[in-house]
Every structure is written in structure tokens, then in C-alpha cells.
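K.L.:
Just so it is clear, I am handing over model32.cif, which has mmCIF, C-alpha atoms.
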```cif
data_upload
loop_
_atom_site.label_atom_id
_atom_site.label_comp_id
_atom_site.auth_asym_id
_atom_site.auth_seq_id
_atom_site.Cartn_x
_atom_site.Cartn_y
_atom_site.Cartn_z
CA MET A 1 -52.94 -114.77 -10.97
CA GLU A 2 -49.52 -113.19 -11.54
CA ASP A 3 -49.12 -109.68 -12.94
CA ASN A 4 -46.80 -111.13 -15.62
CA ASP A 5 -49.42 -113.63 -16.80
CA LEU A 6 -49.11 -113.92 -20.59
CA ILE A 7 -52.19 -114.57 -22.70
CA SER A 8 -52.82 -115.27 -26.38
CA ILE A 9 -54.02 -112.71 -28.89
CA THR A 10 -57.42 -114.42 -28.92
CA GLU A 11 -57.77 -114.02 -25.15
CA ALA A 12 -56.52 -110.44 -25.36
CA ALA A 13 -59.04 -109.57 -28.07
CA GLU A 14 -61.83 -111.05 -25.96
CA MET A 15 -60.78 -109.01 -22.92
CA MET A 16 -60.67 -105.80 -24.94
CA GLY A 17 -63.85 -106.42 -26.89
CA VAL A 18 -62.16 -106.01 -30.29
CA SER A 19 -61.32 -108.40 -33.10
CA VAL A 20 -58.08 -110.34 -33.44
CA GLY A 21 -57.55 -108.52 -36.73
CA THR A 22 -57.74 -105.18 -34.92
CA LEU A 23 -55.10 -106.26 -32.42
CA ARG A 24 -52.84 -107.40 -35.27
CA ARG A 25 -53.21 -103.98 -36.92
CA TRP A 26 -52.51 -102.20 -33.63
CA ASP A 27 -49.41 -104.34 -33.16
CA ASP A 28 -48.11 -103.72 -36.69
CA SER A 29 -48.63 -99.96 -36.32
CA GLY A 30 -47.00 -99.84 -32.88
CA ARG A 31 -50.17 -98.61 -31.20
CA PHE A 32 -50.50 -101.64 -28.92
CA PRO A 33 -47.43 -103.90 -29.34
CA SER A 34 -47.44 -107.60 -28.60
CA LEU A 35 -44.65 -109.77 -27.25
CA ARG A 36 -43.03 -112.42 -29.47
CA ASP A 37 -40.33 -114.91 -28.58
CA LYS A 38 -39.06 -114.79 -32.18
CA PRO A 39 -39.83 -112.88 -35.41
CA GLY A 40 -43.11 -114.14 -36.80
CA GLY A 41 -43.90 -115.98 -33.58
CA ASN A 42 -47.24 -116.02 -31.81
CA ARG A 43 -48.38 -112.69 -30.40
CA ARG A 44 -48.74 -112.63 -26.63
CA TYR A 45 -49.84 -109.96 -24.18
CA PHE A 46 -49.44 -109.32 -20.49
CA ARG A 47 -52.89 -109.50 -18.92
CA LYS A 48 -51.97 -106.62 -16.59
CA THR A 49 -51.04 -104.40 -19.56
CA ILE A 50 -54.49 -104.89 -21.03
CA GLU A 51 -56.17 -104.16 -17.70
CA VAL A 52 -54.23 -100.90 -17.40
CA TYR A 53 -55.07 -99.96 -20.99
CA LEU A 54 -58.77 -100.54 -20.44
CA SER A 55 -58.70 -98.53 -17.22
CA ASN A 56 -57.33 -95.47 -19.03
CA LEU A 57 -60.67 -94.21 -20.26
CA LEU A 58 -59.36 -90.82 -21.37
CA THR A 59 -56.87 -92.42 -23.76
CA LEU A 60 -59.58 -94.65 -25.24
CA ALA A 61 -61.94 -91.69 -25.67
CA THR A 62 -59.40 -89.32 -27.22
CA ASP A 63 -58.15 -91.99 -29.64
CA TRP A 64 -61.72 -92.61 -30.75
CA ILE A 65 -62.76 -88.97 -31.05
CA SER A 66 -59.61 -87.97 -32.93
CA SER A 67 -59.33 -90.82 -35.42
CA GLY A 68 -62.26 -93.19 -35.02
CA THR A 69 -60.03 -95.90 -33.56
CA GLU A 70 -62.04 -98.99 -32.66
CA ILE A 71 -63.06 -99.12 -29.00
CA PRO A 72 -64.43 -101.92 -26.82
CA PRO A 73 -68.22 -102.10 -27.31
CA THR A 74 -68.63 -101.71 -23.54
CA TYR A 75 -67.88 -98.01 -24.02
CA TYR A 76 -69.82 -97.35 -27.21
CA CYS A 77 -73.48 -96.27 -27.28
CA ASP A 78 -74.75 -96.04 -30.84
CA THR A 79 -78.28 -95.04 -29.79
CA SER A 80 -79.81 -92.78 -27.18
CA ALA A 81 -81.72 -95.76 -25.73
CA LEU A 82 -78.49 -97.67 -25.12
CA PHE A 83 -76.90 -94.60 -23.55
CA GLN A 84 -79.85 -94.20 -21.18
CA ALA A 85 -79.66 -97.88 -20.19
CA ARG A 86 -75.96 -97.61 -19.38
CA LEU A 87 -76.54 -94.35 -17.54
CA GLN A 88 -79.03 -96.17 -15.31
CA LYS A 89 -76.49 -98.95 -14.80
CA MET A 90 -73.89 -96.40 -13.67
CA GLN A 91 -76.41 -94.89 -11.27
CA SER A 92 -77.12 -98.29 -9.72
CA GLU A 93 -73.42 -98.99 -9.29
CA LEU A 94 -72.84 -95.60 -7.68
CA LEU A 95 -75.70 -96.14 -5.25
CA ASN A 96 -74.28 -99.53 -4.27
CA THR A 97 -70.82 -98.23 -3.31
CA ASN A 98 -71.65 -97.94 0.42
CA ASN A 99 -69.90 -94.57 0.30
CA GLU A 100 -72.25 -91.96 1.72
CA GLU A 101 -70.51 -89.07 -0.04
CA ILE A 102 -70.80 -90.79 -3.43
CA ILE A 103 -74.39 -91.85 -2.81
CA THR A 104 -75.36 -88.27 -1.94
CA ILE A 105 -73.84 -86.82 -5.10
CA THR A 106 -74.97 -89.63 -7.43
CA PRO A 107 -78.14 -87.90 -8.75
CA LEU A 108 -76.07 -84.86 -9.71
CA VAL A 109 -73.32 -86.85 -11.43
CA VAL A 110 -75.95 -88.79 -13.37
CA ALA A 111 -77.76 -85.56 -14.29
CA VAL A 112 -74.57 -83.92 -15.60
CA ALA A 113 -73.50 -87.01 -17.57
CA GLY A 114 -77.03 -87.44 -18.88
CA GLU A 115 -77.30 -83.84 -20.05
CA ILE A 116 -73.98 -83.98 -21.90
CA GLY A 117 -74.75 -87.34 -23.51
CA ASN A 118 -78.26 -86.32 -24.50
CA ASN A 119 -76.87 -83.15 -26.10
CA SER A 120 -74.70 -85.28 -28.35
CA PHE A 121 -77.67 -87.23 -29.64
CA ASP A 122 -80.04 -84.24 -29.85
CA HIS A 123 -77.71 -81.91 -31.71
CA ASN A 124 -76.44 -84.51 -34.20
CA LEU A 125 -79.74 -86.25 -34.90
CA GLY A 126 -79.62 -87.30 -38.55
CA GLN A 127 -76.47 -85.22 -39.12
CA TRP A 128 -73.60 -87.30 -37.74
CA PRO A 129 -70.51 -86.56 -39.90
CA ASP A 130 -69.30 -90.16 -39.75
CA ILE A 131 -69.62 -92.38 -36.65
CA PRO A 132 -72.90 -91.89 -34.75
CA GLY A 133 -73.29 -92.24 -31.01
CA VAL A 134 -71.10 -91.55 -27.99
CA PHE A 135 -68.23 -92.95 -26.01
CA PHE A 136 -69.41 -93.42 -22.43
CA GLY A 137 -67.14 -94.87 -19.78
CA TYR A 138 -66.67 -94.50 -16.05
CA ASP A 139 -64.33 -95.62 -13.31
CA LEU A 140 -65.91 -95.56 -9.86
CA ASN A 141 -62.59 -96.13 -8.11
CA LYS A 142 -61.08 -93.08 -9.78
CA ARG A 143 -64.44 -91.27 -9.51
CA GLN A 144 -64.51 -90.14 -13.13
CA VAL A 145 -66.86 -90.25 -16.09
CA ILE A 146 -65.76 -89.77 -19.71
CA LEU A 147 -68.06 -88.89 -22.61
CA ALA A 148 -67.12 -88.13 -26.20
CA ASP A 149 -68.74 -87.86 -29.60
CA ARG A 150 -67.56 -87.47 -33.20
CA GLY A 151 -70.37 -85.06 -34.00
CA GLN A 152 -70.42 -81.57 -35.45
CA GLY A 153 -69.17 -79.84 -32.31
CA ILE A 154 -70.45 -76.86 -30.35
CA LEU A 155 -69.50 -74.20 -32.91
CA GLN A 156 -71.32 -75.76 -35.85
CA THR A 157 -74.32 -76.58 -33.66
CA LEU A 158 -74.70 -73.02 -32.38
CA LYS A 159 -74.10 -71.44 -35.77
CA ARG A 160 -77.54 -72.68 -36.79
CA VAL A 161 -79.02 -70.01 -34.50
CA ARG A 162 -75.96 -67.77 -34.04
CA PRO A 163 -74.45 -67.58 -37.55
CA ASN A 164 -72.04 -64.82 -36.49
CA LEU A 165 -70.07 -67.12 -34.19
CA VAL A 166 -66.64 -67.60 -35.70
CA ASP A 167 -64.49 -69.57 -33.26
CA ASP A 168 -64.66 -72.46 -30.80
CA LYS A 169 -63.75 -70.40 -27.73
CA LYS A 170 -66.67 -68.01 -28.19
CA ALA A 171 -68.97 -70.93 -28.96
CA LEU A 172 -68.06 -72.62 -25.66
CA GLU A 173 -68.61 -69.38 -23.77
CA VAL A 174 -72.06 -68.95 -25.31
CA ALA A 175 -72.98 -72.60 -24.75
CA PHE A 176 -72.22 -72.43 -21.03
CA THR A 177 -73.52 -68.94 -20.27
CA GLU A 178 -76.29 -67.78 -22.62
CA ILE A 179 -79.88 -68.85 -23.12
CA ILE A 180 -80.02 -69.56 -26.83
CA SER A 181 -83.77 -69.73 -27.30
CA GLY A 182 -86.90 -70.78 -25.48
CA ARG A 183 -88.33 -72.43 -28.58
CA GLU A 184 -87.90 -75.94 -29.91
CA PRO A 185 -85.56 -77.27 -31.06
CA GLU A 186 -83.07 -74.63 -29.91
CA GLU A 187 -84.03 -74.94 -26.24
CA ARG A 188 -82.15 -78.24 -26.13
CA GLY A 189 -78.99 -76.18 -26.52
CA ASN A 190 -79.49 -74.68 -23.08
CA GLY A 191 -78.54 -77.81 -21.15
CA LEU A 192 -74.91 -76.84 -20.66
CA LYS A 193 -76.02 -73.89 -18.51
CA PHE A 194 -77.64 -76.45 -16.22
CA VAL A 195 -74.41 -78.47 -16.23
CA ARG A 196 -72.43 -75.38 -15.23
CA SER A 197 -74.81 -74.61 -12.37
CA VAL A 198 -74.59 -78.13 -10.97
CA VAL A 199 -70.80 -78.29 -11.20
CA VAL A 200 -70.03 -74.95 -9.53
CA ASN A 201 -72.42 -75.63 -6.66
CA ASN A 202 -71.32 -79.16 -5.84
CA LEU A 203 -68.30 -81.43 -5.43
CA ILE A 204 -67.97 -82.00 -9.17
CA GLY A 205 -65.34 -80.95 -11.70
CA LEU A 206 -65.70 -80.71 -15.47
CA HIS A 207 -63.21 -80.54 -18.32
CA PHE A 208 -64.97 -79.99 -21.65
CA GLN A 209 -63.52 -79.63 -25.14
CA SER A 210 -64.96 -78.97 -28.58
CA GLY A 211 -62.93 -78.02 -31.63
CA ASN A 212 -59.73 -76.33 -30.51
CA ALA A 213 -61.17 -74.85 -27.30
CA GLN A 214 -61.32 -76.39 -23.86
CA LEU A 215 -63.09 -75.29 -20.71
CA ASP A 216 -62.63 -76.17 -17.05
CA LEU A 217 -65.21 -75.76 -14.31
CA LYS A 218 -64.84 -76.47 -10.62
CA ARG A 219 -66.76 -76.04 -7.41
CA ASP A 220 -67.19 -72.58 -5.89
CA SER A 221 -66.07 -70.75 -9.03
CA SER A 222 -68.41 -69.57 -11.74
CA ASP A 223 -65.42 -68.47 -13.85
CA LEU A 224 -65.09 -70.06 -17.26
CA HIS A 225 -61.49 -71.08 -17.78
CA ILE A 226 -61.42 -71.32 -21.58
CA ARG A 227 -58.18 -71.75 -23.48
CA THR A 228 -56.80 -73.11 -26.73
CA ALA A 229 -56.46 -76.89 -26.69
CA ALA A 230 -53.33 -78.76 -27.68
CA HIS A 231 -55.30 -81.00 -30.05
CA TYR A 232 -58.32 -80.36 -32.25
CA TYR A 233 -61.43 -82.52 -31.71
CA ARG A 234 -64.29 -81.84 -34.10
CA GLY A 235 -66.91 -83.25 -31.73
CA CYS A 236 -67.08 -82.98 -27.94
CA LEU A 237 -65.11 -84.50 -25.08
CA ALA A 238 -66.17 -84.28 -21.43
CA PHE A 239 -64.26 -85.43 -18.34
CA ILE A 240 -66.36 -85.39 -15.17
CA SER A 241 -64.70 -85.87 -11.77
CA PHE A 242 -66.49 -86.20 -8.44
#
```
With the file now loaded, output its structure as C-alpha cells.
P.N.:
Amino acid sequence: MEDNDLISITEAAEMMGVSVGTLRRWDDSGRFPSLRDKPGGNRRYFRKTIEVYLSNLLTLATDWISSGTEIPPTYYCDTSALFQARLQKMQSELLNTNNEEIITITPLVVAVAGEIGNNSFDHNLGQWPDIPGVFFGYDLNKRQVILADRGQGILQTLKRVRPNLVDDKKALEVAFTEIISGREPEERGNGLKFVRSVVVNNLIGLHFQSGNAQLDLKRDSSDLHIRTAAHYYRGCLAFISF
């Protein structure tokens, strides 16, 4: 199959897991333009362009978290049960890579992704502002996992037990460093300390954003690199590399 293989809008919609109407809207808005041989002609797409678009998980996740843009259902988990099923699928794929380094680190990658995803469901249970569930995608070739939610975010979650918190940067610092409470349901908020411990002690990297604050963690450094983000995301976005 040639890289310049042109396909119809129906085929493109099927590849992307969205409706034909969605692709028409994306074309009209300039978000994902089609090719036409004449004004008003049939919309066509390069198959390779769609493959590249689908492989850019971070773009898909940030578009969804910032504006609720429709995403392929492959990457959307509306329930915790579906998230757990896809997490198990990722684990199986990682263990079947025949790469000893990846196989060794698989339980830790799954644990970190699982903790972050579970936090999204736990902290927004019955209180999702608009779209429930999480974006969950991974690329084993690029060795990355992306998670995102359109929930209340770290600051609003922690303010239930720490009402004096006033900004996203401090909320991220608390979330990754302090034990909030040993009692239910607050103890669920302690999972990000576990995530930090796993990341800094293993070959894993983490970029995490909530609100207008973003944090970076890497192996062999317990430092929290927290700074102001270029874009505001009400919920949470996590980029795991391994």
C-alpha cells in the first residue's frame, strides 16, 4: 500500500472511530482538512495522514481535555471497569514484546498508569463536571502512555480536605508529597505519592498537569519540577514514558 493512498471520508471515519459528520465538521473548521479535486467535490484523505494523526496520542488527549473534542472510542474509557480491562490488555501487550527490559518494567508501568487512572474515577465519582471517564492510550513503539480526564482537577479535589489551598502549583506539591489522611475516602488521595516513589526509583518518566500547573518527575531525582503551564486544563493530564 502506497503512502499516498487516498481513501473516502467513510473509510477515514471508520479508521478514526468517529462519525462522517464529525469529519465534515473538522474539515469545515480546518482542524483536520480533507483533499478535494474541486470545490464541493468528494472529501478524500491520505491514509498515512490518518495513521500519523492517530499515533499522536498527546494531541488527541490535549484536544479532548481542553475542549471535549470527539476522540476515537479506542481511547475512551467511560467506566472504571472498562479502564481496568484496557489496562490488562496493555499489560499483556507489554509482556509479549520479547523485550526483556520492557517485560521487567511492565508491572511498574501498569501500576503507575493504574493509580493515575483510578484516581480520576475515585475523585470524580458522581461529580464529573461534564464528560465522565478518562482518555487512555499507549504506544509501545514510542514507549509512552497517555491518560487524561475532564474532572475537577487536583486543586478542587484536595480543597475538600485542605480548604486553604489556593493555587494549582501548591496542590500538585501536596498531592505528590504529603499524606492527606489515613481515613476513607481521603486515603485514596495518597496514590500520587506511590506514583512518585515508583518513578524516581525506576526507568520511568512522568509529566503531569492539572489546572495551570505542570510537574515533571524522572529517575534518580526526588525533586519536584513544578512550573506554570502554557495552557490551562481543568482536569488532569499524565504522560508516562518508559
K.L.:
Would you mind telling me which residue in A:Thr59, A:Thr10, A:Gln209, A:Thr157 lies nearest to Phe121 of chain A when using all atoms listed in the file?
P.N.:
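Looking at the shortest contact to Phe121 of chain A, the residue is A:Thr157.
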K.L.:
What would the selection look like, as number ranges by chain, if the PyMOL selection byres ((chain A and resi 210) around 8) were run on the coordinates I just shared?
P.N.:
A: 153-155, 168, 172, 208-209, 211-214, 232-237
K.L.:
For Gly191 of chain A, which of A:Tyr53, A:Trp26, A:Phe176, A:Trp128 is the closest residue, counting all atoms listed in the file?
P.N.:
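The closest residue to Gly191 of chain A is A:Phe176.
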K.L.:
Hey, can you check how far atom CA of Phe242 of chain A sits from atom CA of Pro107 of chain A?
P.N.:
11.8 Å
K.L.:
Would you please work out which residue, of A:Asp5, A:Glu100, A:Glu93, A:Asp223, is nearest to Tyr138 of chain A when using only C-alpha atoms?
P.N.:
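The closest residue to Tyr138 of chain A is A:Glu93.
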K.L.:
Using the chain letters and numbers from this file, what does the PyMOL selection byres ((chain A and resi 60) around 12) select? Give the answer as a ChimeraX atom specification.
P.N.:
/A:16,31,52-59,61-76,135-138,146-148,237
K.L.:
Residues picked by the PyMOL selection byres ((chain A and resi 84) around 12) here, as a PyMOL selection string?
P.N.:
chain A and resi 77-83+85-91+110-111+113-118+121+133-134+136
K.L.:
To one decimal place, how far is atom CA of His231 of chain A from atom CA of Arg143 of chain A in Å?
P.N.:
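Going from atom CA of His231 of chain A over to atom CA of Arg143 of chain A, I get 24.7 Å.
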K.L.:
Using only C-alpha atoms, which of A:Asp149, A:Ala13, A:Lys169, A:Ser8 sits nearest Asn119 of chain A?
P.N.:
A:Asp149
K.L.:
Using all atoms listed in the file, which residue out of A:Leu140, A:Ile50, A:Met15, A:Val199 lies closest to Phe32 of chain A?
P.N.:
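Ranking A:Leu140, A:Ile50, A:Met15, A:Val199 by distance to Phe32 of chain A, first place goes to A:Ile50.
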K.L.:
What is the atom CA of Tyr45 of chain A-atom CA of Asp28 of chain A distance in Å, reported with one decimal?
P.N.:
14.1 Å
